[in-house]
Amino acid sequence: MNLDTRTAVAWITRAADDVRADEARLTSLDAAVGDGDHGANMTRGLAAATASFAEKPPATPGAVLVAAGRSLVAKTGGASGPLYGTGLRKAGKALGEAEQAEPAAVAEALQAMLDGIRELGEAAEGDKTMIDALAPAVAAFRDAVDDGADLGAAARAAADAAEEGLAATVPLQARKGRASYLGARSVGHEDPGAASTTLVLRALAEVTTEDAA
Amino acid sequence: MNLDTRTAVAWITRAADDVRADEARLTSLDAAVGDGDHGANMTRGLAAATASFAEKPPATPGAVLVAAGRSLVAKTGGASGPLYGTGLRKAGKALGEAEQAEPAAVAEALQAMLDGIRELGEAAEGDKTMIDALAPAVAAFRDAVDDGADLGAAARAAADAAEEGLAATVPLQARKGRASYLGARSVGHEDPGAASTTLVLRALAEVTTEDAA
Amino acid sequence: MKKLINSPDSVIADALRGMAAAHPALSVDHDTRVISRAGGAAQGKVGLVSGGGSGHEPLHGGYVGPGMLDAAVPGEIYTSPVPDQILAATKAADGGAGVLHIVKNYTGDVLNFRMAAELAEDEDIRVSAVVMNDDTAVEDSTFTAGRRGTGATVVAEKIAGAAAAQGADLDAVTRLVTEVNDRSRSFGIALHAGTVPAAGTPGFELGPDEVELGVGIHGEPGRERGSMAPVRDLVAYALEAINADRPVGGDVLVLLNGQGGTPLIELYGAYAEAVDWLEGHGATVTRNLVGNYITSLDQAGFSITVTALDDELVRLWDAPVETPALRWGR
Amino acid sequence: MKKLINSPDSVIADALRGMAAAHPALSVDHDTRVISRAGGAAQGKVGLVSGGGSGHEPLHGGYVGPGMLDAAVPGEIYTSPVPDQILAATKAADGGAGVLHIVKNYTGDVLNFRMAAELAEDEDIRVSAVVMNDDTAVEDSTFTAGRRGTGATVVAEKIAGAAAAQGADLDAVTRLVTEVNDRSRSFGIALHAGTVPAAGTPGFELGPDEVELGVGIHGEPGRERGSMAPVRDLVAYALEAINADRPVGGDVLVLLNGQGGTPLIELYGAYAEAVDWLEGHGATVTRNLVGNYITSLDQAGFSITVTALDDELVRLWDAPVETPALRWGR
Ligand SMILES: Nc1ncnc2c1ncn2[C@@H]1O[C@H](COP(=O)(O)OP(=O)(O)O)[C@@H](O)[C@H]1O
Ligand SMILES: Nc1ncnc2c1ncn2[C@@H]1O[C@H](COP(=O)(O)OP(=O)(O)O)[C@@H](O)[C@H]1O
Ligand SMILES: [Mg+2]
Ligand SMILES: [Mg+2]
Ligand SMILES: [Mg+2]
Ligand SMILES: [Mg+2]
């Protein structure tokens, strides 16, 4: 299958639902190493994104992601708003005007998302941020597509890689974001942004798998 | 025996010691129905009184009580300072210049103390104040003296009556002082001022009993 | 409860050192414990003295300065100051035109200020006193020690300060303070008890769903325990109590006061509710203070004072004031 | 933890209603959430905008007014505001002479303000930005997100406000704020965690004998846990950290700031200790603020900011200011 408008809307909507359902965990992760608002931020931003789809239905999957990105910038606040928002906007721009995006195009869009977040936030892998879930996820997605996987299989590979990346943030010392103020005290905790990234990618895997079924 | 200067000093000193030893209870009683400072107030005031004796040794028992009263006014603060302070001053004035006070004179002094506190605070028996310990104590002292008791016996009778009076404050609703703000909620608690009065009178009983022994 | 102190015994002394260091316009007598104006009493002006237990800062020391108090008398935490202290403050405030004592209605405050006034009269200083009893929570009857003095004390100190600065004589200033008292009603609600340094633990226990309705400024209980509720309902309860005692209407001043442990963002939310309620009951809030003005250490909660205004009171409220805690005008 | 709110979701909206009602000199846009001056931007004057998460009141809305900010941008509790908000504030502050953004160094604040500045430039408003990073608790290195912006933000807003009011151009105001940042160091210590309304329980756990050394203004941890100690020792710890980073000397301004849950009487005691320590280390405290100026909801604790003064900064500090939270001068 390809990523069409409906599936893109379903993705963001599912991500909003999954994040809201898991908001307390994101809050708790961010309370341990930050200021405790990551759960509320992501819930608010993704809710705004889904609301925008209803208000002004996007015509293409690219437009869906651009609209989602704009909503996240406009409504989330904090560090995660500009980062996720810019990332999704760039992913949407990369999809162009096509009404459907093949897995390879989706891979490029995810790459654009990763590049956008890295450029804006200047974090590298190992800095204990969302990048530590997103970068392996994007690499896994690309590899799966190169191996001929369909959209659902590539998305599942990405979600699995993100979960591994999230787990791998535990022993890291944060070098970016609020957790970096703690220095060595940030070791032993999952990064909140990596946790929300994992939820977002799992949502993509869910909707593309269900869709295909 | 009579109340001489040494015994008067011993009384106030013992009262200071006993109050300090029981400060936490006075604090706790005042926390329940007031602002929690009665223990600290009485400790501070009585300590000032004993310090004044060392600085400027009084020459007569009357002077002892007048000096104690002045210290209590000058150092205690709160409601109890002016009330106890005025009471002791009037008691001291009633003892005049005598170097010794016979039990009957001590009874008059205690009556003057009671009258002074009642006049200043305008509380009556049953209002749930120090008066509810002091009035029965003074009555018991007078009765004992009329029955020919010596100083120690009269003081013990007064202390016992004070303790009964203290217990009798428990079911009362406060009509004076800070506890009166609670209305019916003041019922079921001992009055802090009655508790400190009981300690002060027990101290008199102790020093006059030990002295005689 | 951890407190930012050296020891319970040194809290007042340390705070006085800090006030003296922070405010060159104040003169602090650390031995007697009096806070007065560095320039001394203004000759020919009525002197204004207030005081009470410490723990209510900025009340009263933070209100010493042009347009408000001449001297403030801080007792021990929650404990009335002693006559000698109040006498010293009275002398420091004395400009030869008499001195007004603004006294909050608590037995200890009343007795100690009265004894001090007698001592001052012995020294030929004419002293007048007004006892503030604006708190509506406690019934004013012969079966209680009377209504307590709370938030209206701040208003009274400002009004009196302006009047005295403008040359009003002792009787006129006394009359104005009495008027403020008559025109004001207050009510407080605590969400969490504060902790007195000497005690080390909170002064009373409030359950997770309990509030103390009509709490006093020394953390003493008030009318009754109540259930926790949204701020609009708590504010409504307080204003209903005030309104039942002295109906609101016309132009009013509102003091939406923090008891110490409630953040300013919450106080503003409470103020919004207070304005809505009052305007719905025919009053117009034309002047206000929102913040920590008469506190109870770290107690969480708020109190509302509503003062019925007239043109004279508004002019006096607007008059310039230059103190650590209130500053406006030219 | 009981909070004086209607619901966690309405806290900001309610507080903005209250601020609008309390301060006629402010204009509050409740939809976009911008606090600006009721009279609008002064034409020809450099506009000053600051903002950040809510929960630090009076920062920043309480600093809007003549001699200080033109507009403030309140985000959700402890959450950076969004670019559209900041853009609206920038427009409200724009008097045609450029706008300075005073930004506290947190990733979210920096990114959102930067995005807003780009949007403003697209609309031909010249925007300059200074990122405040005065907090000495966190190491400033490539291995962290950098030092945090804390108490010096208050000082910077005052200095910038005075300079702008006196006609300084955008480059000059930017230079001054950068100077304030360079000349200031801060350090905070928490005794008790605060509670964010959405969470309902304290943000972190401190044992009965623990303090958080170098705590952040959003309640985020800092340098390390430490042992509770008398205030003179806690103040000394903070000042030693500041001094080690930027040695103190000469005339200084001290902000002895309450984090929200610490009573004013304790803040004054802490200030006394700060003055003693600084004077023992060759500095003279010639200006100060003692009180709640940059808070963290109901967190108990204090922070110290020390700013090295020169004549220009003193003159700008003393210049008149007329805002809800700071008022002096003529
Ligand atoms: N420079 C950065 N680059 C990438 N991700 C970052 C960066 N800074 C922070 N983050 C991510 O943002 C998350 C925190 O988001 P959030 O709590 O919403 O914002 P804030 O830290 O402003 O409160 C972190 O867990 C981290 O994953
Ligand atoms: N009008 C009064 N007459 C007699 N005793 C009083 C009166 N008011 C208060 N008291 C006594 O004072 C006690 C409280 O003293 P204290 O706590 O030291 O003062 P405060 O109430 O000012 O804090 C009460 O328990 C009561 O016995
Ligand atoms: Mg966060
Ligand atoms: Mg008491
Ligand atoms: Mg008391
Ligand atoms: Mg945040």
# chains A, B, ... in the order shown; residues from 1 in each chain; ligands from 1
>>> select_by_dssp(residues="stretch 88-152 of chain D", states="helix (DSSP H, G or I)", output="list in words")
Ala88, Ala89, Thr90, Lys91, Ala92, Ala93, Thr107, Gly108, Asp109, Val110, Leu111, Asn112, Phe113, Arg114, Met115, Ala116, Ala117, Glu118, Leu119, Ala120, Glu121, Asp122 and Ala152 of chain D
>>> residues_around(residues="D:Tyr271", least_positions_apart="2", cutoff="9 Å", atoms="only C-alpha atoms", output="list in words")
Asp14, Ala15, Arg17, Gly18, Met19, Ala21 and Ala22 of chain C; Val235, Val254, Leu255, Leu256, Glu266, Leu267, Tyr268, Gly269, Glu273, Ala274, Val275, Asp276, Val290 and Ile304 of chain D
>>> residues_near_ligand(ligand="ligand 1", cutoff="6 Å", atoms="only C-alpha atoms and all ligand atoms", output="compact mmCIF listing (two decimals) with C-alpha atoms, in the first residue's frame")
# COMPACT_ATOMS: atom_id res chain seq x y z
CA ASP A 30 9.63 14.42 31.97
CA ASP A 35 9.69 20.02 34.09
CA ASP A 37 5.07 19.04 30.76
CA HIS A 38 5.96 16.75 27.87
CA ASN A 41 2.52 19.34 25.40
CA GLY A 78 8.19 23.92 24.76
CA ALA A 79 11.07 22.32 22.97
CA SER A 80 9.01 19.57 21.39
CA GLY A 121 17.88 21.19 17.64
CA GLU A 122 21.52 20.46 16.81
CA ALA A 123 21.39 17.19 18.69
CA THR A 129 16.86 13.11 22.81
CA MET A 130 14.08 12.16 20.42
CA ILE A 131 16.82 11.76 17.84
CA LYS A 176 20.75 18.50 24.98
CA GLY A 177 17.49 19.77 26.37
CA ARG A 178 16.42 20.22 29.93
CA ASP A 191 14.16 10.35 27.45
CA PRO A 192 10.59 11.73 27.25
CA GLY A 193 10.93 12.92 23.65
CA ALA A 194 12.22 9.53 22.58
CA THR D 79 5.98 25.54 28.82
CA THR D 107 15.66 24.97 24.24
CA GLY D 108 11.93 25.58 23.89
>>> residues_around(residues="stretch 110-120 of chain B", least_positions_apart="6", cutoff="8 Å", atoms="only C-alpha atoms", output="PyMOL selection string")
(chain B and resi 83-84+86-91+94+131+134-135+138) or (chain C and resi 111)
>>> interface_residues(of="chain C", to="chain B", cutoff="10 Å", atoms="only C-alpha atoms", output="MDAnalysis selection string")
chainID C and resid 52:53 75:85 106:112 114:115 137:148 196 198:199 202:205 214:224
>>> write_last_selection(atoms="C-alpha atoms", output="PDB file, in the first residue's frame")
ATOM      1  CA  GLY C  52       1.370  42.695  66.027  1.00  0.00           C
ATOM      2  CA  GLY C  53       2.904  39.269  65.817  1.00  0.00           C
ATOM      3  CA  GLY C  75       6.318  40.726  68.090  1.00  0.00           C
ATOM      4  CA  GLU C  76       7.463  37.130  68.136  1.00  0.00           C
ATOM      5  CA  ILE C  77       5.897  34.891  65.506  1.00  0.00           C
ATOM      6  CA  TYR C  78       2.129  35.200  65.865  1.00  0.00           C
ATOM      7  CA  THR C  79       2.561  36.843  69.289  1.00  0.00           C
ATOM      8  CA  SER C  80       1.527  40.367  70.209  1.00  0.00           C
ATOM      9  CA  PRO C  81       4.419  42.757  70.877  1.00  0.00           C
ATOM     10  CA  VAL C  82       4.993  44.074  74.393  1.00  0.00           C
ATOM     11  CA  PRO C  83       4.142  47.514  75.824  1.00  0.00           C
ATOM     12  CA  ASP C  84       7.728  48.796  75.981  1.00  0.00           C
ATOM     13  CA  GLN C  85       8.175  48.055  72.299  1.00  0.00           C
ATOM     14  CA  TYR C 106      -6.962  40.100  69.339  1.00  0.00           C
ATOM     15  CA  THR C 107      -6.930  40.038  73.119  1.00  0.00           C
ATOM     16  CA  GLY C 108      -3.160  40.218  73.277  1.00  0.00           C
ATOM     17  CA  ASP C 109      -2.816  43.022  70.748  1.00  0.00           C
ATOM     18  CA  VAL C 110      -5.540  45.044  72.436  1.00  0.00           C
ATOM     19  CA  LEU C 111      -4.125  44.630  75.928  1.00  0.00           C
ATOM     20  CA  ASN C 112      -0.498  45.297  75.019  1.00  0.00           C
ATOM     21  CA  ARG C 114      -3.602  49.644  75.660  1.00  0.00           C
ATOM     22  CA  MET C 115      -0.874  49.334  78.273  1.00  0.00           C
ATOM     23  CA  ALA C 137     -15.938  34.834  59.846  1.00  0.00           C
ATOM     24  CA  VAL C 138     -16.394  34.967  63.575  1.00  0.00           C
ATOM     25  CA  GLU C 139     -19.598  36.103  65.150  1.00  0.00           C
ATOM     26  CA  ASP C 140     -19.365  39.423  66.864  1.00  0.00           C
ATOM     27  CA  SER C 141     -21.124  38.856  70.139  1.00  0.00           C
ATOM     28  CA  THR C 142     -20.695  38.944  73.859  1.00  0.00           C
ATOM     29  CA  PHE C 143     -20.044  35.237  73.633  1.00  0.00           C
ATOM     30  CA  THR C 144     -16.809  35.620  71.705  1.00  0.00           C
ATOM     31  CA  ALA C 145     -13.732  37.803  71.974  1.00  0.00           C
ATOM     32  CA  GLY C 146     -15.183  39.688  69.022  1.00  0.00           C
ATOM     33  CA  ARG C 147     -14.397  39.821  65.326  1.00  0.00           C
ATOM     34  CA  ARG C 148     -10.774  39.625  64.363  1.00  0.00           C
ATOM     35  CA  VAL C 196       5.585  28.060  62.648  1.00  0.00           C
ATOM     36  CA  ALA C 198       9.283  26.799  66.634  1.00  0.00           C
ATOM     37  CA  ALA C 199       6.789  24.022  65.972  1.00  0.00           C
ATOM     38  CA  PRO C 202       1.989  22.467  60.334  1.00  0.00           C
ATOM     39  CA  GLY C 203      -0.243  24.192  62.846  1.00  0.00           C
ATOM     40  CA  PHE C 204      -3.304  22.169  61.931  1.00  0.00           C
ATOM     41  CA  GLU C 205      -4.223  19.248  59.744  1.00  0.00           C
ATOM     42  CA  GLY C 214     -12.869  31.603  57.996  1.00  0.00           C
ATOM     43  CA  VAL C 215      -9.292  30.815  58.965  1.00  0.00           C
ATOM     44  CA  GLY C 216      -7.485  33.468  60.954  1.00  0.00           C
ATOM     45  CA  ILE C 217      -4.240  35.200  60.117  1.00  0.00           C
ATOM     46  CA  HIS C 218      -2.333  33.346  62.833  1.00  0.00           C
ATOM     47  CA  GLY C 219      -3.468  30.057  61.356  1.00  0.00           C
ATOM     48  CA  GLU C 220      -6.136  29.807  64.017  1.00  0.00           C
ATOM     49  CA  PRO C 221      -9.314  28.059  63.000  1.00  0.00           C
ATOM     50  CA  GLY C 222     -12.375  29.971  62.016  1.00  0.00           C
ATOM     51  CA  ARG C 223     -15.943  29.189  61.197  1.00  0.00           C
ATOM     52  CA  GLU C 224     -15.758  25.539  60.164  1.00  0.00           C
TER      53      GLU C 224
END
>>> atom_distance(atom1="atom CA of B:Glu99", atom2="atom CA of B:Ala133")
28.4 Å
>>> residues_around(residues="D:Gly261", least_positions_apart="4", cutoff="10 Å", atoms="only C-alpha atoms", output="VMD selection string")
(chain C and resid 260 to 263 297 to 300) or (chain D and resid 190 to 194 292 295 to 302)
>>> write_last_selection(atoms="C-alpha atoms", output="PDB file, in the first residue's frame")
ATOM      1  CA  GLY C 260       1.777  33.191  51.815  1.00  0.00           C
ATOM      2  CA  GLY C 261       1.866  29.759  50.225  1.00  0.00           C
ATOM      3  CA  THR C 262      -0.437  30.373  47.261  1.00  0.00           C
ATOM      4  CA  PRO C 263       1.221  31.423  44.014  1.00  0.00           C
ATOM      5  CA  LEU C 297       3.964  32.414  56.978  1.00  0.00           C
ATOM      6  CA  ASP C 298       3.617  29.664  54.362  1.00  0.00           C
ATOM      7  CA  GLN C 299      -0.089  28.972  54.809  1.00  0.00           C
ATOM      8  CA  ALA C 300      -1.765  28.254  51.453  1.00  0.00           C
TER       9      ALA C 300
ATOM     10  CA  ALA D 190      14.784  24.443  46.752  1.00  0.00           C
ATOM     11  CA  LEU D 191      13.583  23.201  50.131  1.00  0.00           C
ATOM     12  CA  HIS D 192      10.281  21.777  48.966  1.00  0.00           C
ATOM     13  CA  ALA D 193       9.059  21.004  45.482  1.00  0.00           C
ATOM     14  CA  GLY D 194       6.141  22.874  44.028  1.00  0.00           C
ATOM     15  CA  ASN D 292       8.928  36.975  44.922  1.00  0.00           C
ATOM     16  CA  THR D 295       8.790  32.191  41.122  1.00  0.00           C
ATOM     17  CA  SER D 296       8.109  28.526  40.540  1.00  0.00           C
ATOM     18  CA  LEU D 297       4.464  28.174  41.620  1.00  0.00           C
ATOM     19  CA  ASP D 298       4.550  27.116  45.276  1.00  0.00           C
ATOM     20  CA  GLN D 299       8.089  25.781  45.390  1.00  0.00           C
ATOM     21  CA  ALA D 300       9.782  26.621  48.703  1.00  0.00           C
ATOM     22  CA  GLY D 301      13.276  28.001  48.371  1.00  0.00           C
ATOM     23  CA  PHE D 302      15.206  30.978  47.204  1.00  0.00           C
TER      24      PHE D 302
END
>>> residues_around(residues="C:Glu121", least_positions_apart="3", cutoff="12 Å", atoms="only C-alpha atoms", output="PyMOL selection string")
chain C and resi 87+90-91+94+98-99+114-118+124-128
>>> write_last_selection(atoms="all heavy atoms", output="short mmCIF file (atom, residue, chain, number, x, y, z; two decimals), in the first residue's frame")
data_model
loop_
_atom_site.label_atom_id
_atom_site.label_comp_id
_atom_site.auth_asym_id
_atom_site.auth_seq_id
_atom_site.Cartn_x
_atom_site.Cartn_y
_atom_site.Cartn_z
N LEU C 87 5.60 51.40 73.06
CA LEU C 87 5.90 52.75 73.54
C LEU C 87 7.06 53.34 72.75
O LEU C 87 7.01 54.50 72.33
CB LEU C 87 6.23 52.72 75.03
CG LEU C 87 6.71 54.06 75.62
CD1 LEU C 87 5.59 55.09 75.58
CD2 LEU C 87 7.21 53.87 77.05
N THR C 90 5.84 54.39 69.51
CA THR C 90 5.00 55.57 69.65
C THR C 90 5.85 56.82 69.75
O THR C 90 5.56 57.85 69.13
CB THR C 90 4.09 55.42 70.89
OG1 THR C 90 3.38 54.18 70.81
CG2 THR C 90 3.11 56.57 71.01
N LYS C 91 6.93 56.73 70.50
CA LYS C 91 7.84 57.87 70.60
C LYS C 91 8.51 58.15 69.26
O LYS C 91 8.67 59.31 68.86
CB LYS C 91 8.91 57.59 71.65
CG LYS C 91 8.40 57.60 73.07
CD LYS C 91 9.56 57.31 74.02
CE LYS C 91 9.11 57.31 75.46
NZ LYS C 91 10.25 56.94 76.35
N ASP C 94 6.16 60.00 67.07
CA ASP C 94 5.56 61.20 67.64
C ASP C 94 6.15 62.48 67.03
O ASP C 94 7.32 62.78 67.23
CB ASP C 94 5.76 61.21 69.15
CG ASP C 94 5.18 62.46 69.79
OD1 ASP C 94 4.21 63.01 69.25
OD2 ASP C 94 5.71 62.88 70.84
N GLY C 98 0.21 64.08 68.18
CA GLY C 98 -0.53 62.89 68.60
C GLY C 98 -0.19 61.68 67.74
O GLY C 98 0.36 61.81 66.64
N VAL C 99 -0.51 60.53 68.28
CA VAL C 99 -0.19 59.26 67.61
C VAL C 99 -1.42 58.38 67.58
O VAL C 99 -2.15 58.26 68.58
CB VAL C 99 0.96 58.53 68.35
CG1 VAL C 99 1.21 57.16 67.72
CG2 VAL C 99 2.24 59.36 68.32
N ARG C 114 -2.97 48.78 74.67
CA ARG C 114 -3.60 49.64 75.66
C ARG C 114 -2.62 50.01 76.77
O ARG C 114 -2.53 51.17 77.16
CB ARG C 114 -4.83 48.96 76.26
CG ARG C 114 -5.63 49.88 77.19
CD ARG C 114 -6.70 49.12 77.93
NE ARG C 114 -7.60 48.40 77.05
CZ ARG C 114 -8.39 47.39 77.44
NH1 ARG C 114 -8.37 46.99 78.71
NH2 ARG C 114 -9.18 46.78 76.59
N MET C 115 -1.86 49.05 77.22
CA MET C 115 -0.87 49.33 78.27
C MET C 115 0.18 50.32 77.76
O MET C 115 0.61 51.22 78.48
CB MET C 115 -0.21 48.03 78.74
CG MET C 115 -1.19 47.11 79.44
SD MET C 115 -0.44 45.52 79.94
CE MET C 115 0.21 45.97 81.55
N ALA C 116 0.56 50.15 76.52
CA ALA C 116 1.54 51.07 75.94
C ALA C 116 0.96 52.47 75.81
O ALA C 116 1.67 53.47 76.04
CB ALA C 116 1.99 50.57 74.57
N ALA C 117 -0.30 52.55 75.44
CA ALA C 117 -0.93 53.87 75.30
C ALA C 117 -0.95 54.59 76.64
O ALA C 117 -0.73 55.80 76.72
CB ALA C 117 -2.34 53.73 74.75
N GLU C 118 -1.19 53.83 77.71
CA GLU C 118 -1.17 54.43 79.06
C GLU C 118 0.23 54.94 79.38
O GLU C 118 0.40 56.05 79.90
CB GLU C 118 -1.63 53.40 80.09
CG GLU C 118 -3.12 53.09 80.00
CD GLU C 118 -3.53 51.86 80.80
OE1 GLU C 118 -2.66 51.30 81.52
OE2 GLU C 118 -4.70 51.45 80.69
N ASP C 124 3.09 62.27 78.20
CA ASP C 124 2.47 63.42 77.53
C ASP C 124 2.39 63.28 76.02
O ASP C 124 2.41 64.28 75.30
CB ASP C 124 3.21 64.72 77.88
CG ASP C 124 3.06 65.05 79.35
OD1 ASP C 124 1.94 64.84 79.88
OD2 ASP C 124 4.03 65.51 79.97
N ILE C 125 2.31 62.06 75.54
CA ILE C 125 2.01 61.85 74.12
C ILE C 125 0.54 61.47 74.04
O ILE C 125 0.08 60.52 74.66
CB ILE C 125 2.87 60.72 73.51
CG1 ILE C 125 4.36 61.02 73.70
CG2 ILE C 125 2.53 60.54 72.03
CD1 ILE C 125 5.26 59.86 73.31
N ARG C 126 -0.18 62.24 73.26
CA ARG C 126 -1.60 61.93 73.11
C ARG C 126 -1.76 60.76 72.15
O ARG C 126 -1.27 60.79 71.02
CB ARG C 126 -2.34 63.16 72.57
CG ARG C 126 -3.85 62.95 72.55
CD ARG C 126 -4.61 64.17 72.00
NE ARG C 126 -5.93 63.75 71.58
CZ ARG C 126 -6.62 64.30 70.58
NH1 ARG C 126 -6.08 65.31 69.89
NH2 ARG C 126 -7.82 63.88 70.27
N VAL C 127 -2.40 59.71 72.62
CA VAL C 127 -2.55 58.50 71.82
C VAL C 127 -4.02 58.19 71.63
O VAL C 127 -4.81 58.21 72.57
CB VAL C 127 -1.87 57.29 72.49
CG1 VAL C 127 -2.16 56.01 71.71
CG2 VAL C 127 -0.36 57.52 72.59
N SER C 128 -4.38 57.93 70.41
CA SER C 128 -5.71 57.47 70.06
C SER C 128 -5.56 56.05 69.52
O SER C 128 -4.47 55.68 69.05
CB SER C 128 -6.29 58.40 69.00
OG SER C 128 -7.56 58.01 68.61
#
>>> select_by_dssp(residues="stretch 80-197 of chain C", states="strand (DSSP E or B)", output="MDAnalysis selection string")
chainID C and resid 99:104 127:132 135 184:192 195
>>> residues_around(residues="B:Ala139", least_positions_apart="6", cutoff="9 Å", atoms="only C-alpha atoms", output="list of chain:residue names")
B:Ala107, B:Gln111, B:Ala158, B:Ala161
>>> residues_around(residues="B:Gln100", least_positions_apart="6", cutoff="6 Å", atoms="only C-alpha atoms", output="ChimeraX atom specification")
/B:2-4
>>> closest_residue(among="B:Val200, B:Pro103, B:Gly165, B:Met42", to="ligand 5", atoms="only C-alpha atoms and all ligand atoms")
B:Met42
